[in-house]
Each structure stands twice: as C-alpha cells, then as structure tokens.
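Participant: Have a look at the structure that comes next, please.
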Amino acid sequence: RCTSMVAADGGAMTSEPPTGRRAKRTVRAPTKFVDEDGFNDADLQRALKASMKHVRRVSSTTVPECPVFRPTAEQFADPFAYIKSITPEAMPYGIAKIIPPQGWKPPFNEEAGGDGIPFDTKLQTVNRLQEGLHFEDGERYTRDSYRDMADAFKRKYLETHQRVADETERLRRENPGWSDDACEARALEEEFWRIVETDTEKIRVEYGSDLDADVYGSGFATVPVGSAAAAAGATP
C-alpha cells in the first residue's frame, strides 16, 4: 500500500510501495574446525558418518567356517605337496585351515628376520583401510628393535583400551577349552575390525611386508633332506 505524509512546507508527500525484498547480508565463511589434537573437519565428517552406522559390529564368530583338513602323518610328510593336493577343493572358499597330525612339530628358526639386518616398514592407518589410501613410509628397524617397538605399542594400547581385556575375559569364560593366548588373539581381532569398520578412532601401526626370505630367513628352519628331523615331519 502507499503511505501519505505531510511535508514540512505543508505539501503532500507519498512514499513508494515496498518492493518485498530484503537487503542482502554479508555471509561469512564457516570457521574450519581444528582441535588441539589436530582433529579437523574431515575427521569430524567421518565421525558423524560412522555414528550413523551400527557401532557394535557383528561378531566374526557368525561368519561361516572355512574348510578344515586333517591330514595323516603320511599325507603331511611333504606339507607343500599336501597343500597342492587340496587346492582345487579349498580354492572356492579363498582360505582353508589345515590341522597337522598330532605330534607334528617342525623346528622353529629363531634367527628368522636376520641378525641386525635393517628393513623398512609402512605406516598403516587402520581406521582408514577401507579408503584405499597409499601407505606412507615408516621407520627402519632391525628384528630386535622392531620387536621392542611392537611390544611397547601393545602394552600402551592395552592400558588405554580396557574393552580388549574385558572381551578376552568374556571369551575365556565362554570357551574354557581355549588358551589365554587364543582368547586374547580373538579379542584383538575383534578390536581390529571395530576400528576398520567404524572409523571412530585414529590408529596407526608400522608393519614390515614383502621381506625376502633369502635375505631375512623364514620361521621354518632349514632341515637337510634325509635327516632325523626331516623324517620326524619337519619341512626341508
């Protein structure tokens, strides 16, 4: 509508009708979020996305079991030949479990990893494995210094993640036939997949991969063919 007003000189003054538009306001760019630990916008978005998922993952115990093979001592005299013989049956599953015959204990090569031979590692960001990111280079270690680093990492992680101990204890109660090591290994496996699938916690580890067995050795000791150890079932 038009509005009439009286001017100071007594004349009539009419205002223009409103246009219906508001004056534009200056829009400020949102402030980027970064906390004192370096948690930023990208991390926040991933956390929000993860919060929409089921945080409690399905236990791996619900996954169908893989094929299990129980060779006799005669069949397992040559482990590699036996593995080749079951390959057609096991291949459709992608994985198989072989339970060696009772008493089969090949000697362990305690010198595996080399004596003071350095090797490179890769940095693996566990919570972002599903993104297919390129692994950065980690530190350089020898066998002994890597063991010290890994043991220290494990101690610190278990001290700050009580749920691993709680899950280990639960598995121990529900599976009386399992060893303590087996219970802890299963609990750590569940913890690994929790981190991978929920991306709610940043965890980075250093790992060594693709080490040449001709340089660093193998966990299987080299046993001369025809020796007493070989006859007992050790792998040459």
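By order of appearance in the structure tokens: chains A, B, ..., then residues from 1 within every chain, and ligands from 1 in the order shown.
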If you count only C-alpha atoms, which residues fall within 12 Å of stretch 88-95 of chain A, apart from same-chain ones fewer than 6 positions away, as a list in words?
Facilitator: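 Within the cut-off, the hits are Pro64, Glu65, Cys66, Pro67, Val68, Phe69 and Tyr82 of chain A.
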Participant: How would the residues just chosen look if you wrote them out with N, CA, C and O atoms as a PDB file, in the first residue's frame?
Facilitator:
ATOM      1  N   PRO A  64      30.584 -67.958   8.349  1.00  0.00           N
ATOM      2  CA  PRO A  64      30.688 -69.399   8.104  1.00  0.00           C
ATOM      3  C   PRO A  64      32.137 -69.879   8.196  1.00  0.00           C
ATOM      4  O   PRO A  64      33.073 -69.180   7.791  1.00  0.00           O
ATOM      5  N   GLU A  65      32.330 -71.065   8.731  1.00  0.00           N
ATOM      6  CA  GLU A  65      33.666 -71.623   8.873  1.00  0.00           C
ATOM      7  C   GLU A  65      34.240 -71.995   7.506  1.00  0.00           C
ATOM      8  O   GLU A  65      33.513 -72.366   6.586  1.00  0.00           O
ATOM      9  N   CYS A  66      35.563 -71.903   7.399  1.00  0.00           N
ATOM     10  CA  CYS A  66      36.239 -72.312   6.174  1.00  0.00           C
ATOM     11  C   CYS A  66      36.442 -73.831   6.195  1.00  0.00           C
ATOM     12  O   CYS A  66      36.286 -74.465   7.247  1.00  0.00           O
ATOM     13  N   PRO A  67      36.805 -74.441   5.075  1.00  0.00           N
ATOM     14  CA  PRO A  67      37.053 -75.893   5.061  1.00  0.00           C
ATOM     15  C   PRO A  67      38.209 -76.252   5.994  1.00  0.00           C
ATOM     16  O   PRO A  67      39.203 -75.522   6.076  1.00  0.00           O
ATOM     17  N   VAL A  68      38.082 -77.334   6.704  1.00  0.00           N
ATOM     18  CA  VAL A  68      39.110 -77.796   7.636  1.00  0.00           C
ATOM     19  C   VAL A  68      39.631 -79.155   7.165  1.00  0.00           C
ATOM     20  O   VAL A  68      38.843 -80.063   6.893  1.00  0.00           O
ATOM     21  N   PHE A  69      40.959 -79.288   7.087  1.00  0.00           N
ATOM     22  CA  PHE A  69      41.587 -80.532   6.640  1.00  0.00           C
ATOM     23  C   PHE A  69      42.452 -81.089   7.773  1.00  0.00           C
ATOM     24  O   PHE A  69      43.171 -80.346   8.436  1.00  0.00           O
ATOM     25  N   TYR A  82      50.982 -81.652   0.004  1.00  0.00           N
ATOM     26  CA  TYR A  82      49.628 -81.818   0.525  1.00  0.00           C
ATOM     27  C   TYR A  82      48.774 -80.581   0.233  1.00  0.00           C
ATOM     28  O   TYR A  82      47.618 -80.686  -0.176  1.00  0.00           O
TER      29      TYR A  82
END
Participant: I'd like the interatomic distance between atom CA of A:Leu44 and atom CA of A:Glu206, to a tenth of an Å.
Facilitator: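 Atom-to-atom, atom CA of A:Leu44 and atom CA of A:Glu206 are spaced 24.7 Å apart.
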Participant: Go through A:Pro79, A:Pro118, A:Gly113, A:Pro176 one by one, measure the shortest atom-to-atom distance of each to A:Pro100 using only C-alpha atoms, and give the residue with the smallest value.
Facilitator: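 Comparing A:Pro79, A:Pro118, A:Gly113, A:Pro176 against A:Pro100, the winner is A:Pro79.
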Participant: Need the shell around stretch 125-135 of chain A: protein/DNA/RNA residues with any atom at most 8 Å away, counting only C-alpha atoms. Skip same-chain ones fewer than 3 positions apart. Format as a PyMOL selection string?
Facilitator: chain A and resi 122+192+195-205
Participant: Could you tell me how far atom CA of A:Ala185 sits from atom CA of A:Ser209, in Å to one decimal place?
Facilitator: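 Atom-to-atom, atom CA of A:Ser209 to atom CA of A:Ala185, that is 20.5 Å.
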Participant: Could you name the residues that touch stretch 143-145 of chain A at 10 Å or less, counting only C-alpha atoms, but leaving out those on the same chain fewer than 3 positions away, as a list in words?
Facilitator: Glu111, Ala112, Gly113, Gly114, Asp115, Gly116, Ile117, Pro118, Phe119, Arg140, Asp148, Met149, Ala150, Asp151 and Tyr216 of chain A
Participant: Write a file of the just-selected residues containing C-alpha atoms, as a compact mmCIF listing (two decimals), in the first residue's frame.
Facilitator:
# COMPACT_ATOMS: atom_id res chain seq x y z
CA GLU A 111 67.25 -66.49 13.63
CA ALA A 112 64.37 -65.56 11.31
CA GLY A 113 64.45 -61.87 10.49
CA GLY A 114 68.20 -61.72 10.22
CA ASP A 115 70.73 -60.70 12.83
CA GLY A 116 70.92 -56.91 12.78
CA ILE A 117 69.77 -56.63 9.16
CA PRO A 118 67.60 -53.48 8.83
CA PHE A 119 64.29 -53.43 6.99
CA ARG A 140 63.61 -48.50 9.71
CA ASP A 148 60.82 -53.83 21.22
CA MET A 149 58.66 -51.22 19.43
CA ALA A 150 55.79 -53.66 18.89
CA ASP A 151 55.83 -54.87 22.50
CA TYR A 216 65.76 -62.32 6.23
Participant: Measuring between only C-alpha atoms, which one of A:Asp78, A:Glu191, A:Lys84, A:Ala42 shows the shortest distance to A:Leu158?
Facilitator: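 Once distances to A:Leu158 are computed over only C-alpha atoms, the minimum belongs to A:Glu191.
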Participant: Could you state the separation of atom CA of A:Asp41 and atom CA of A:Gly138 in Å, given to one decimal place?
Facilitator: 25.7 Å
Participant: I want to know what sits within 12 Å of A:Ala165, based on only C-alpha atoms, with residues of the same chain fewer than 3 positions away left out; could you give that as a list in words?
Facilitator: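 Counting only the stated atoms, we get Arg155, Tyr157, Leu158, Glu159, Thr160, His161, Gln162, Thr168, Glu169, Arg170, Leu171, Arg172, Asp180, Asp181, Cys183, Glu184, Ala185, Arg186, Ala187, Leu188, Glu190 and Glu191 of chain A.
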